[in-house]
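Chemist: Enclosed is the structure file entry.pdb (PDB, C-alpha atoms).
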ATOM      1  CA  MET B 148       5.205  25.243 185.755
ATOM      2  CA  HIS B 149       7.301  28.230 184.663
ATOM      3  CA  LEU B 150       5.944  31.701 185.324
ATOM      4  CA  HIS B 151       5.716  32.579 181.648
ATOM      5  CA  LYS B 152       3.437  29.572 181.144
ATOM      6  CA  LYS B 153       1.282  30.505 184.141
ATOM      7  CA  LEU B 154       0.954  34.022 182.755
ATOM      8  CA  SER B 155       0.276  32.954 179.135
ATOM      9  CA  MET B 156       3.391  34.640 177.732
ATOM     10  CA  ASN B 157       4.622  33.689 174.268
ATOM     11  CA  TYR B 158       7.961  35.302 175.055
ATOM     12  CA  PRO B 159       9.736  35.483 178.453
ATOM     13  CA  ILE B 160       9.487  39.271 178.395
ATOM     14  CA  ILE B 161       7.689  41.617 180.780
ATOM     15  CA  GLN B 162       6.721  45.177 179.918
ATOM     16  CA  ALA B 163       8.062  47.272 182.782
ATOM     17  CA  PRO B 164       5.296  48.883 184.881
ATOM     18  CA  MET B 165       6.395  52.477 184.307
ATOM     19  CA  ALA B 166       4.218  54.660 186.521
ATOM     20  CA  GLY B 167       3.133  57.843 184.777
ATOM     21  CA  VAL B 168       3.718  56.744 181.170
ATOM     22  CA  THR B 169       2.091  53.304 180.978
ATOM     23  CA  THR B 170      -1.302  53.568 179.261
ATOM     24  CA  PRO B 171      -4.068  50.980 178.903
ATOM     25  CA  GLU B 172      -3.191  50.826 175.202
ATOM     26  CA  MET B 173       0.393  49.977 176.106
ATOM     27  CA  VAL B 174      -0.606  47.144 178.434
ATOM     28  CA  ILE B 175      -3.143  45.750 175.967
ATOM     29  CA  ALA B 176      -0.677  45.898 173.059
ATOM     30  CA  SER B 177       1.929  44.096 175.187
ATOM     31  CA  LEU B 178      -0.537  41.330 176.045
ATOM     32  CA  GLU B 179      -1.658  40.907 172.459
ATOM     33  CA  THR B 180       1.978  40.764 171.307
ATOM     34  CA  GLY B 181       2.651  37.855 173.645
ATOM     35  CA  ILE B 182       4.552  39.498 176.493
ATOM     36  CA  LEU B 183       3.298  40.244 179.997
ATOM     37  CA  GLY B 184       1.673  43.672 180.181
ATOM     38  CA  SER B 185       2.042  45.609 183.427
ATOM     39  CA  ILE B 186       0.087  48.469 184.981
ATOM     40  CA  GLY B 187       2.288  51.032 186.717
ATOM     41  CA  ALA B 188      -0.222  52.142 189.360
ATOM     42  CA  GLY B 189       2.232  53.860 191.697
ATOM     43  CA  TYR B 190       0.839  57.390 191.467
ATOM     44  CA  MET B 191      -2.807  56.496 190.879
ATOM     45  CA  SER B 192      -5.774  56.878 193.191
ATOM     46  CA  ALA B 193      -7.754  53.777 194.069
ATOM     47  CA  ASP B 194     -10.532  54.797 191.658
ATOM     48  CA  ALA B 195      -8.061  55.396 188.820
ATOM     49  CA  THR B 196      -6.482  52.011 189.545
ATOM     50  CA  ARG B 197      -9.852  50.312 189.252
ATOM     51  CA  ASP B 198     -10.654  52.127 186.004
ATOM     52  CA  PHE B 199      -7.284  51.159 184.496
ATOM     53  CA  ILE B 200      -7.746  47.480 185.403
ATOM     54  CA  ARG B 201     -11.203  47.449 183.878
ATOM     55  CA  GLN B 202     -10.028  49.126 180.668
ATOM     56  CA  VAL B 203      -7.399  46.436 180.178
ATOM     57  CA  LYS B 204      -9.904  43.667 180.924
ATOM     58  CA  LYS B 205     -12.355  45.160 178.457
ATOM     59  CA  TYR B 206      -9.977  44.666 175.538
ATOM     60  CA  SER B 207      -7.907  41.653 176.569
ATOM     61  CA  SER B 208      -8.686  38.433 178.393
ATOM     62  CA  LYS B 209      -5.006  37.636 178.986
ATOM     63  CA  PRO B 210      -3.325  37.681 182.421
ATOM     64  CA  PHE B 211      -1.531  40.903 183.372
ATOM     65  CA  LEU B 212       0.445  42.369 186.259
ATOM     66  CA  ILE B 213      -0.082  45.466 188.384
ATOM     67  CA  ASN B 214       2.648  47.261 190.331
ATOM     68  CA  LEU B 215       2.058  49.138 193.599
ATOM     69  CA  PHE B 216       4.339  51.450 195.575
ATOM     70  CA  ALA B 217       4.591  49.842 199.026
ATOM     71  CA  HIS B 218       6.500  52.668 200.681
ATOM     72  CA  GLU B 219       5.585  54.476 203.874
ATOM     73  CA  VAL B 220       4.770  58.141 203.288
ATOM     74  CA  PRO B 221       6.945  60.169 205.701
ATOM     75  CA  PRO B 222       5.405  62.778 207.990
ATOM     76  CA  VAL B 223       5.125  66.256 206.519
ATOM     77  CA  VAL B 224       7.832  68.566 207.812
ATOM     78  CA  GLN B 225       6.732  71.947 206.538
ATOM     79  CA  HIS B 226      10.193  73.448 206.981
ATOM     80  CA  GLU B 227      11.642  70.858 204.568
ATOM     81  CA  ILE B 228       8.898  71.533 202.032
ATOM     82  CA  THR B 229       9.464  75.305 202.215
ATOM     83  CA  ILE B 230      13.234  74.963 201.733
ATOM     84  CA  ALA B 231      12.812  72.563 198.797
ATOM     85  CA  LYS B 232      10.314  74.841 197.054
ATOM     86  CA  GLN B 233      12.593  77.844 197.548
ATOM     87  CA  ALA B 234      15.425  75.849 195.980
ATOM     88  CA  LEU B 235      13.305  75.316 192.859
ATOM     89  CA  ILE B 236      12.577  79.053 192.749
ATOM     90  CA  ASP B 237      16.250  79.987 193.268
ATOM     91  CA  ALA B 238      17.336  77.628 190.478
ATOM     92  CA  LYS B 239      15.264  79.740 188.044
ATOM     93  CA  ILE B 240      13.931  76.668 186.293
ATOM     94  CA  ASP B 241      10.352  77.823 185.822
ATOM     95  CA  ASN B 242       9.035  81.242 186.781
ATOM     96  CA  GLN B 243       5.585  79.831 187.536
ATOM     97  CA  ILE B 244       6.758  77.640 190.414
ATOM     98  CA  LYS B 245       6.104  80.480 192.854
ATOM     99  CA  ARG B 246       2.411  80.376 192.033
ATOM    100  CA  ASP B 247       2.029  76.592 192.117
ATOM    101  CA  GLU B 248      -0.362  75.352 194.784
ATOM    102  CA  VAL B 249       1.302  72.207 195.996
ATOM    103  CA  LYS B 250      -0.996  69.372 196.978
ATOM    104  CA  LEU B 251       0.993  66.912 199.062
ATOM    105  CA  SER B 252       0.525  63.206 198.409
ATOM    106  CA  LYS B 253      -1.197  60.814 200.749
ATOM    107  CA  SER B 254      -0.687  57.082 200.524
ATOM    108  CA  GLN B 255      -3.292  55.228 198.477
ATOM    109  CA  TYR B 256      -1.574  51.883 199.005
ATOM    110  CA  ASP B 257      -4.146  50.211 201.228
ATOM    111  CA  GLU B 258      -7.028  51.402 199.054
ATOM    112  CA  GLN B 259      -5.248  50.281 195.875
ATOM    113  CA  LEU B 260      -4.513  46.868 197.342
ATOM    114  CA  ALA B 261      -8.204  46.499 198.197
ATOM    115  CA  VAL B 262      -9.049  47.275 194.558
ATOM    116  CA  VAL B 263      -6.556  44.663 193.327
ATOM    117  CA  LEU B 264      -8.155  42.059 195.587
ATOM    118  CA  GLU B 265     -11.665  43.023 194.469
ATOM    119  CA  GLU B 266     -10.939  43.228 190.743
ATOM    120  CA  GLY B 267      -8.681  40.213 190.555
ATOM    121  CA  VAL B 268      -5.539  40.362 188.445
ATOM    122  CA  ALA B 269      -3.047  37.641 187.602
ATOM    123  CA  ALA B 270      -0.048  39.135 189.399
ATOM    124  CA  CYS B 271       0.843  42.006 191.707
ATOM    125  CA  SER B 272       4.352  43.367 192.207
ATOM    126  CA  PHE B 273       5.605  45.737 194.881
ATOM    127  CA  THR B 274       8.243  48.469 194.689
ATOM    128  CA  PHE B 275       9.862  50.616 197.436
ATOM    129  CA  GLY B 276       8.747  48.097 200.054
ATOM    130  CA  VAL B 277       7.111  44.738 200.705
ATOM    131  CA  PRO B 278       3.587  43.571 201.531
ATOM    132  CA  THR B 279       2.852  42.063 204.923
ATOM    133  CA  PRO B 280       2.468  38.278 205.310
ATOM    134  CA  LEU B 281      -1.289  38.850 205.749
ATOM    135  CA  GLN B 282      -1.481  40.841 202.516
ATOM    136  CA  ILE B 283       0.421  38.114 200.691
ATOM    137  CA  ARG B 284      -1.992  35.507 202.051
ATOM    138  CA  LEU B 285      -5.005  37.547 200.923
ATOM    139  CA  LEU B 286      -3.549  37.911 197.432
ATOM    140  CA  ARG B 287      -2.783  34.199 197.240
ATOM    141  CA  GLU B 288      -6.327  33.342 198.309
ATOM    142  CA  LYS B 289      -7.489  35.245 195.209
ATOM    143  CA  GLY B 290      -5.039  33.331 193.031
ATOM    144  CA  ILE B 291      -2.824  36.391 192.529
ATOM    145  CA  LEU B 292       0.918  35.823 192.096
ATOM    146  CA  VAL B 293       3.108  38.051 194.291
ATOM    147  CA  PHE B 294       6.378  39.676 193.200
ATOM    148  CA  ILE B 295       8.826  41.984 194.992
ATOM    149  CA  THR B 296      11.410  44.354 193.514
ATOM    150  CA  ALA B 297      14.930  43.965 194.931
ATOM    151  CA  THR B 298      18.103  45.961 194.287
ATOM    152  CA  SER B 299      20.426  44.285 196.810
ATOM    153  CA  LEU B 300      21.090  40.879 198.327
ATOM    154  CA  GLU B 301      19.594  42.066 201.613
ATOM    155  CA  GLU B 302      16.337  42.820 199.801
ATOM    156  CA  VAL B 303      16.495  39.459 197.993
ATOM    157  CA  HIS B 304      16.805  37.790 201.388
ATOM    158  CA  VAL B 305      13.702  39.589 202.688
ATOM    159  CA  ALA B 306      11.723  38.577 199.593
ATOM    160  CA  SER B 307      12.879  34.982 199.984
ATOM    161  CA  GLN B 308      11.761  34.866 203.607
ATOM    162  CA  LEU B 309       8.316  36.085 202.566
ATOM    163  CA  GLY B 310       8.098  33.221 200.070
ATOM    164  CA  VAL B 311       6.916  35.294 197.124
ATOM    165  CA  ASP B 312       6.362  33.860 193.631
ATOM    166  CA  GLY B 313       9.120  35.850 191.982
ATOM    167  CA  ILE B 314      11.680  38.607 192.499
ATOM    168  CA  PHE B 315      12.301  41.461 190.087
ATOM    169  CA  LEU B 316      16.052  42.080 190.280
ATOM    170  CA  GLN B 317      16.706  45.710 189.357
ATOM    171  CA  GLY B 318      20.293  46.457 188.381
ATOM    172  CA  MET B 319      21.875  49.887 188.620
ATOM    173  CA  GLU B 320      21.481  50.270 184.832
ATOM    174  CA  ALA B 321      17.683  50.495 185.058
ATOM    175  CA  GLY B 322      15.888  53.662 184.012
ATOM    176  CA  GLY B 323      13.472  55.402 186.357
ATOM    177  CA  HIS B 324      13.267  55.014 190.110
ATOM    178  CA  ARG B 325      15.355  52.614 192.124
ATOM    179  CA  GLY B 326      13.020  50.112 193.745
ATOM    180  CA  SER B 327      15.156  49.961 196.888
ATOM    181  CA  PHE B 328      13.625  49.582 200.347
ATOM    182  CA  ILE B 329      16.597  48.831 202.628
ATOM    183  CA  GLU B 330      19.043  51.618 203.392
ATOM    184  CA  PRO B 331      21.777  52.380 202.621
ATOM    185  CA  PHE B 332      20.650  52.030 199.004
ATOM    186  CA  GLN B 333      23.021  50.039 196.818
ATOM    187  CA  TYR B 334      23.884  50.385 193.142
ATOM    188  CA  ILE B 335      24.826  46.946 191.884
ATOM    189  CA  PRO B 336      25.282  46.049 188.188
ATOM    190  CA  LEU B 337      22.566  43.649 187.070
ATOM    191  CA  LYS B 338      24.896  40.770 186.164
ATOM    192  CA  ASP B 339      26.513  40.871 189.596
ATOM    193  CA  LEU B 340      23.178  41.127 191.399
ATOM    194  CA  PHE B 341      21.726  38.242 189.394
ATOM    195  CA  THR B 342      24.774  35.987 189.787
ATOM    196  CA  GLN B 343      24.864  36.555 193.540
ATOM    197  CA  ALA B 344      21.095  36.281 194.022
ATOM    198  CA  LYS B 345      21.043  32.839 192.378
ATOM    199  CA  ASP B 346      23.275  31.584 195.168
ATOM    200  CA  ILE B 347      20.952  32.624 197.988
ATOM    201  CA  THR B 348      17.439  31.920 196.693
ATOM    202  CA  ASN B 349      15.495  29.374 194.683
ATOM    203  CA  ILE B 350      12.670  31.813 193.976
ATOM    204  CA  PRO B 351      12.235  32.638 190.251
ATOM    205  CA  LEU B 352      14.263  35.697 189.262
ATOM    206  CA  ILE B 353      13.203  38.286 186.691
ATOM    207  CA  VAL B 354      15.950  40.654 185.569
ATOM    208  CA  ALA B 355      15.612  44.355 184.816
ATOM    209  CA  GLY B 356      18.049  47.109 183.998
ATOM    210  CA  GLY B 357      19.740  48.073 180.751
ATOM    211  CA  ILE B 358      18.513  45.062 178.779
ATOM    212  CA  ALA B 359      18.281  46.220 175.181
ATOM    213  CA  THR B 360      19.327  43.315 172.942
ATOM    214  CA  LYS B 361      18.285  39.736 172.315
ATOM    215  CA  GLU B 362      21.862  38.678 173.061
ATOM    216  CA  GLN B 363      21.484  40.046 176.589
ATOM    217  CA  MET B 364      18.128  38.328 177.018
ATOM    218  CA  ASP B 365      19.490  34.995 175.809
ATOM    219  CA  TRP B 366      22.410  35.184 178.252
ATOM    220  CA  TYR B 367      20.180  35.774 181.276
ATOM    221  CA  LEU B 368      17.735  33.052 180.239
ATOM    222  CA  LYS B 369      20.584  30.595 179.701
ATOM    223  CA  GLN B 370      21.907  31.447 183.164
ATOM    224  CA  GLY B 371      18.543  30.660 184.731
ATOM    225  CA  ALA B 372      16.524  33.879 184.735
ATOM    226  CA  GLU B 373      12.782  33.310 184.484
ATOM    227  CA  ALA B 374      12.180  36.348 182.277
ATOM    228  CA  ILE B 375      13.542  39.772 181.403
ATOM    229  CA  THR B 376      11.918  43.181 181.758
ATOM    230  CA  LEU B 377      11.921  45.812 179.007
ATOM    231  CA  GLY B 378      11.356  49.421 180.023
ATOM    232  CA  THR B 379      13.188  52.021 177.954
ATOM    233  CA  ALA B 380      12.756  49.980 174.775
ATOM    234  CA  LEU B 381       8.964  50.193 175.185
ATOM    235  CA  LEU B 382       8.822  53.701 176.641
ATOM    236  CA  VAL B 383       9.429  55.028 173.109
ATOM    237  CA  SER B 384       6.603  52.953 171.602
ATOM    238  CA  ASP B 385       3.604  54.516 169.876
ATOM    239  CA  GLU B 386       1.354  53.312 172.712
ATOM    240  CA  SER B 387       3.471  54.847 175.472
ATOM    241  CA  GLY B 388       2.155  57.921 177.271
ATOM    242  CA  ALA B 389       5.597  59.545 177.503
ATOM    243  CA  PRO B 390       5.759  63.077 176.008
ATOM    244  CA  SER B 391       7.099  63.164 172.454
ATOM    245  CA  ALA B 392      10.136  65.197 173.558
ATOM    246  CA  HIS B 393      11.022  62.456 176.048
ATOM    247  CA  LYS B 394      10.806  59.799 173.354
ATOM    248  CA  GLU B 395      12.898  61.890 170.956
ATOM    249  CA  ARG B 396      15.687  62.397 173.493
ATOM    250  CA  ILE B 397      15.935  58.617 173.877
ATOM    251  CA  LEU B 398      15.735  57.900 170.146
ATOM    252  CA  CYS B 399      18.386  60.518 169.367
ATOM    253  CA  ALA B 400      20.836  59.279 171.989
ATOM    254  CA  GLU B 401      24.076  57.833 170.603
ATOM    255  CA  THR B 402      25.532  56.694 173.916
ATOM    256  CA  ASP B 403      24.665  56.518 177.606
ATOM    257  CA  GLU B 404      23.568  60.039 178.579
ATOM    258  CA  THR B 405      21.962  59.068 181.879
ATOM    259  CA  VAL B 406      22.651  60.018 185.486
ATOM    260  CA  LEU B 407      21.156  59.109 188.839
ATOM    261  CA  THR B 408      19.279  61.978 190.462
ATOM    262  CA  LYS B 409      16.955  62.650 193.406
ATOM    263  CA  MET B 410      16.076  66.133 192.184
ATOM    264  CA  PHE B 411      12.727  65.343 190.565
ATOM    265  CA  SER B 412      11.126  63.177 193.230
ATOM    266  CA  GLY B 413      13.294  62.844 196.311
ATOM    267  CA  LYS B 414      14.192  59.220 195.458
ATOM    268  CA  PRO B 415      17.139  58.102 193.311
ATOM    269  CA  ALA B 416      16.134  57.611 189.675
ATOM    270  CA  ARG B 417      18.023  57.255 186.410
ATOM    271  CA  GLY B 418      17.300  59.633 183.569
ATOM    272  CA  ILE B 419      18.873  61.655 180.781
ATOM    273  CA  MET B 420      20.965  64.614 181.919
ATOM    274  CA  ASN B 421      19.174  67.900 181.215
ATOM    275  CA  GLY B 422      18.881  71.514 182.322
ATOM    276  CA  PHE B 423      16.713  70.768 185.355
ATOM    277  CA  ILE B 424      19.239  68.341 186.833
ATOM    278  CA  GLU B 425      22.141  70.722 186.133
ATOM    279  CA  LYS B 426      20.423  73.694 187.778
ATOM    280  CA  MET B 427      19.302  71.663 190.788
ATOM    281  CA  GLU B 428      22.670  70.030 191.443
ATOM    282  CA  MET B 429      23.541  70.289 195.161
ATOM    283  CA  MET B 430      20.196  71.955 195.944
ATOM    284  CA  PRO B 431      18.120  70.686 198.907
ATOM    285  CA  VAL B 432      15.181  68.418 198.073
ATOM    286  CA  ALA B 433      12.139  67.257 200.009
ATOM    287  CA  PRO B 434      11.713  63.529 200.729
ATOM    288  CA  PHE B 435       9.711  61.323 198.364
ATOM    289  CA  PRO B 436       6.889  61.779 197.458
ATOM    290  CA  TYR B 437       6.839  65.462 198.435
ATOM    291  CA  GLN B 438       9.621  66.526 196.062
ATOM    292  CA  ASN B 439       7.636  64.800 193.330
ATOM    293  CA  ASP B 440       4.615  66.895 194.360
ATOM    294  CA  LEU B 441       6.699  70.095 194.258
ATOM    295  CA  THR B 442       7.998  69.441 190.743
ATOM    296  CA  LYS B 443       4.697  68.188 189.304
ATOM    297  CA  GLY B 444       3.698  71.597 187.921
ATOM    298  CA  ILE B 445       7.118  72.145 186.362
ATOM    299  CA  ARG B 446       7.016  68.769 184.638
ATOM    300  CA  ALA B 447       3.421  69.226 183.448
ATOM    301  CA  ARG B 448       4.239  72.595 181.866
ATOM    302  CA  ALA B 449       7.356  71.113 180.276
ATOM    303  CA  ALA B 450       5.306  68.288 178.762
ATOM    304  CA  PHE B 451       2.745  70.757 177.412
ATOM    305  CA  ALA B 452       5.504  72.883 175.858
ATOM    306  CA  ASN B 453       7.472  69.805 174.697
ATOM    307  CA  ASN B 454      10.424  71.175 176.647
ATOM    308  CA  SER B 455      12.726  68.251 177.456
ATOM    309  CA  GLU B 456      14.990  70.410 179.633
ATOM    310  CA  ASN B 457      12.438  70.444 182.470
ATOM    311  CA  MET B 458      11.153  66.864 182.149
ATOM    312  CA  SER B 459      12.110  63.792 184.127
ATOM    313  CA  LEU B 460      13.570  61.897 181.171
ATOM    314  CA  TRP B 461      13.721  58.447 182.726
ATOM    315  CA  ALA B 462      15.825  56.010 180.694
ATOM    316  CA  GLY B 463      18.211  53.098 181.211
ATOM    317  CA  THR B 464      21.900  53.050 180.347
ATOM    318  CA  ASN B 465      21.356  51.310 176.983
ATOM    319  CA  LEU B 466      18.846  53.892 175.746
ATOM    320  CA  HIS B 467      20.798  54.317 172.492
ATOM    321  CA  HIS B 468      19.565  50.893 171.358
ATOM    322  CA  ALA B 469      15.912  51.993 171.430
ATOM    323  CA  THR B 470      13.987  52.166 168.152
ATOM    324  CA  LYS B 471      10.595  53.640 167.342
ATOM    325  CA  GLY B 472       7.466  51.722 166.430
ATOM    326  CA  THR B 473       4.451  50.019 167.947
ATOM    327  CA  ILE B 474       4.854  47.575 170.836
ATOM    328  CA  ARG B 475       4.395  44.709 168.390
ATOM    329  CA  GLU B 476       7.014  46.049 165.965
ATOM    330  CA  ILE B 477       9.559  46.657 168.734
ATOM    331  CA  ILE B 478       9.084  43.208 170.268
ATOM    332  CA  GLU B 479       9.159  41.434 166.902
ATOM    333  CA  ARG B 480      12.439  43.178 166.009
ATOM    334  CA  PHE B 481      13.832  42.333 169.452
ATOM    335  CA  VAL B 482      13.031  38.611 169.496
ATOM    336  CA  HIS B 483      13.987  38.033 165.852
ATOM    337  CA  ALA B 484      17.166  40.126 165.909
ATOM    338  CA  ASP B 485      19.453  37.213 165.032
ATOM    339  CA  LEU B 486      17.366  35.867 162.143
TER     340      LEU B 486
END
Using the file provided, produce a representation of the structure as structure tokens.

Modeler:
Amino acid sequence: MHLHKKLSMNYPIIQAPMAGVTTPEMVIASLETGILGSIGAGYMSADATRDFIRQVKKYSSKPFLINLFAHEVPPVVQHEITIAKQALIDAKIDNQIKRDEVKLSKSQYDEQLAVVLEEGVAACSFTFGVPTPLQIRLLREKGILVFITATSLEEVHVASQLGVDGIFLQGMEAGGHRGSFIEPFQYIPLKDLFTQAKDITNIPLIVAGGIATKEQMDWYLKQGAEAITLGTALLVSDESGAPSAHKERILCAETDETVLTKMFSGKPARGIMNGFIEKMEMMPVAPFPYQNDLTKGIRARAAFANNSENMSLWAGTNLHHATKGTIREIIERFVHADL
């Protein structure tokens, strides 16, 4: 049985699990529209993860996916943190950064995974790393489908060896963080990654990165993709938790205005070029997730002030195709574009 049948999808479309902007309303609206809704739980605590799962279950009985960050948190090197914070001060981005009390992240991965096993969801995907064989077995025993994000053929090979239920192929066009977990990180166009991955694995492939038209979706499905993922197209939806200034920058774009940057979080991510990225160019950054911790106050104040120059404006290369509306309106326009 195809994955979209197992997951009760009317359309072979998955709402990207965008950590930080995905709301319960967004997931529920996706499910009720007939696509697979996804919880982006990457930055959540275990308790917040549980609450989010229960909110979705309260308003929808349909299967949904949850995404976890499976990365190892590096040891704290205070010297690196001090240098990275001073760089933010020297760049004169936000005069309050000096007074920010930085609370450094600790991994919630194991606790979150325990919540997923306890609460029971239809599918769990992993980004920045892979679950252990034991963790995969525990998920399978609960009837939970397992997916891994891959950005290179080496990562596809690892996922194949683990025998997961599906692989999210993330092309270089994708907005937000690269899901890479094998260094050196690679930046491969989605079509190339997909074409090459088909030759080395029989595991179902889900494609993500710069997909913005039905014509693109139809091509990938015809070539054997199991489903496509929509991120930027749904980030601008009414149900999205992205700040209004972020949505407006995407909706006003007339061409690809994106760049890859590590300046916000310490990991490569694609977003719209803005003042923050320009001022921080060539500046030292702390490793992920500590750079993300350092810039959290800056980004929160920017969101409050609706100041897009200091926000992480994650978006894919085809952002200029995005249109406003509810999840249902956006999906209906997308799937019926050629009628």

Chemist: For the file shown, what are the residues hit by the PyMOL selection byres ((chain B and resi 381) around 12), laid out as number ranges by chain?

Modeler: B: 160-165, 168-170, 173-174, 176-177, 182, 184-185, 322, 358-359, 376-380, 382-389, 394, 397-398, 462-463, 466, 468-478, 481

Chemist: Quick one: write out the picked residues with C-alpha atoms as a short mmCIF file (atom, residue, chain, number, x, y, z; two decimals), in the frame of the given file?

Modeler:
data_model
loop_
_atom_site.label_atom_id
_atom_site.label_comp_id
_atom_site.auth_asym_id
_atom_site.auth_seq_id
_atom_site.Cartn_x
_atom_site.Cartn_y
_atom_site.Cartn_z
CA ILE B 160 9.49 39.27 178.40
CA ILE B 161 7.69 41.62 180.78
CA GLN B 162 6.72 45.18 179.92
CA ALA B 163 8.06 47.27 182.78
CA PRO B 164 5.30 48.88 184.88
CA MET B 165 6.40 52.48 184.31
CA VAL B 168 3.72 56.74 181.17
CA THR B 169 2.09 53.30 180.98
CA THR B 170 -1.30 53.57 179.26
CA MET B 173 0.39 49.98 176.11
CA VAL B 174 -0.61 47.14 178.43
CA ALA B 176 -0.68 45.90 173.06
CA SER B 177 1.93 44.10 175.19
CA ILE B 182 4.55 39.50 176.49
CA GLY B 184 1.67 43.67 180.18
CA SER B 185 2.04 45.61 183.43
CA GLY B 322 15.89 53.66 184.01
CA ILE B 358 18.51 45.06 178.78
CA ALA B 359 18.28 46.22 175.18
CA THR B 376 11.92 43.18 181.76
CA LEU B 377 11.92 45.81 179.01
CA GLY B 378 11.36 49.42 180.02
CA THR B 379 13.19 52.02 177.95
CA ALA B 380 12.76 49.98 174.78
CA LEU B 382 8.82 53.70 176.64
CA VAL B 383 9.43 55.03 173.11
CA SER B 384 6.60 52.95 171.60
CA ASP B 385 3.60 54.52 169.88
CA GLU B 386 1.35 53.31 172.71
CA SER B 387 3.47 54.85 175.47
CA GLY B 388 2.15 57.92 177.27
CA ALA B 389 5.60 59.54 177.50
CA LYS B 394 10.81 59.80 173.35
CA ILE B 397 15.94 58.62 173.88
CA LEU B 398 15.74 57.90 170.15
CA ALA B 462 15.82 56.01 180.69
CA GLY B 463 18.21 53.10 181.21
CA LEU B 466 18.85 53.89 175.75
CA HIS B 468 19.57 50.89 171.36
CA ALA B 469 15.91 51.99 171.43
CA THR B 470 13.99 52.17 168.15
CA LYS B 471 10.60 53.64 167.34
CA GLY B 472 7.47 51.72 166.43
CA THR B 473 4.45 50.02 167.95
CA ILE B 474 4.85 47.58 170.84
CA ARG B 475 4.39 44.71 168.39
CA GLU B 476 7.01 46.05 165.96
CA ILE B 477 9.56 46.66 168.73
CA ILE B 478 9.08 43.21 170.27
CA PHE B 481 13.83 42.33 169.45
#

Chemist: How many Å separate atom CA of Ala392 of chain B from atom CA of Asn454 of chain B?

Modeler: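 Straight-line distance from atom CA of Ala392 of chain B to atom CA of Asn454 of chain B works out to 6.7 Å.
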
Chemist: Written as JSON, numbers by chain, which residues does the PyMOL selection byres ((chain B and resi 421) around 10) give for the file shown?

Modeler: {"B": [404, 405, 406, 418, 419, 420, 422, 423, 424, 425, 426, 455, 456, 457, 458, 459, 460]}

Chemist: Please compute the atom CA of Met156 of chain B-atom CA of Gly181 of chain B distance, one decimal, in Å.

Modeler: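 Computing it gives 5.3 Å between the two atoms.
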
Chemist: Using only C-alpha atoms, pick whichever of B:Pro331, B:Pro221, B:Gly356, B:Gly276 has the shortest atom-to-atom distance to Phe294 of chain B.

Modeler: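 Of B:Pro331, B:Pro221, B:Gly356, B:Gly276, the one nearest Phe294 of chain B, counting only C-alpha atoms, is B:Gly276.
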
Chemist: With segment 308-311 of chain B as the partner and 12 Å as the cut-off, tabulate the residues of segment 321-430 of chain B that qualify, each row holding the nearest pair of atoms and their distance in Å to one decimal, using all atoms listed in the file, sorted by chain and rising number, as CSV.

Modeler:
residue,atom,partner,partner_atom,distance
B:Ile347,CA,B:Gln308,CA,11.0
B:Thr348,CA,B:Gln308,CA,9.4
B:Asn349,CA,B:Gly310,CA,9.9
B:Ile350,CA,B:Val311,CA,7.4
B:Pro351,CA,B:Val311,CA,9.1
B:Leu352,CA,B:Val311,CA,10.8

Chemist: Counting only C-alpha atoms, which residue out of B:Arg448, B:Ile291, B:Gly323, B:Lys361 sits closest to Lys409 of chain B?

Modeler: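 Under the stated criterion, the closest residue is B:Gly323.
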
Chemist: Run through the PyMOL selection byres ((chain B and resi 327) around 6) on the given coordinates and return the selected residues as an mmCIF file with C-alpha atoms, in the frame of the given file.

Modeler:
data_model
loop_
_atom_site.group_PDB
_atom_site.id
_atom_site.type_symbol
_atom_site.label_atom_id
_atom_site.label_comp_id
_atom_site.auth_asym_id
_atom_site.auth_seq_id
_atom_site.Cartn_x
_atom_site.Cartn_y
_atom_site.Cartn_z
ATOM 1 C CA PHE B 275 9.862 50.616 197.436
ATOM 2 C CA THR B 298 18.103 45.961 194.287
ATOM 3 C CA ARG B 325 15.355 52.614 192.124
ATOM 4 C CA GLY B 326 13.020 50.112 193.745
ATOM 5 C CA PHE B 328 13.625 49.582 200.347
#

Chemist: Considering all atoms listed in the file, return as a list in words whatever protein or nucleic-acid residues lie within 7 Å of Ala321 of chain B, sequence-local ones (same chain, fewer than 3 positions apart) excluded.

Modeler: Gln317, Gly318, Ala355, Gly356, Gly357, Arg417, Gly463 and Thr464 of chain B

Chemist: For the point (3.4, 33.8, 183.9) in file coordinates, what residues are within 10 Å, counting only C-alpha atoms? Give the answer as JSON, numbers by chain?

Modeler: {"B": [148, 149, 150, 151, 152, 153, 154, 155, 156, 157, 159, 160, 161, 182, 183, 210, 211, 212, 269, 270, 292, 373, 374]}

Chemist: Could you dump the residues just selected with C-alpha atoms as a CSV table (one decimal), in the frame of the given file?

Modeler:
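To be explicit, this is the file written out as result_30.csv:
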chain,number,residue,atom,x,y,z
B,148,MET,CA,5.2,25.2,185.8
B,149,HIS,CA,7.3,28.2,184.7
B,150,LEU,CA,5.9,31.7,185.3
B,151,HIS,CA,5.7,32.6,181.6
B,152,LYS,CA,3.4,29.6,181.1
B,153,LYS,CA,1.3,30.5,184.1
B,154,LEU,CA,1.0,34.0,182.8
B,155,SER,CA,0.3,33.0,179.1
B,156,MET,CA,3.4,34.6,177.7
B,157,ASN,CA,4.6,33.7,174.3
B,159,PRO,CA,9.7,35.5,178.5
B,160,ILE,CA,9.5,39.3,178.4
B,161,ILE,CA,7.7,41.6,180.8
B,182,ILE,CA,4.6,39.5,176.5
B,183,LEU,CA,3.3,40.2,180.0
B,210,PRO,CA,-3.3,37.7,182.4
B,211,PHE,CA,-1.5,40.9,183.4
B,212,LEU,CA,0.4,42.4,186.3
B,269,ALA,CA,-3.0,37.6,187.6
B,270,ALA,CA,0.0,39.1,189.4
B,292,LEU,CA,0.9,35.8,192.1
B,373,GLU,CA,12.8,33.3,184.5
B,374,ALA,CA,12.2,36.3,182.3
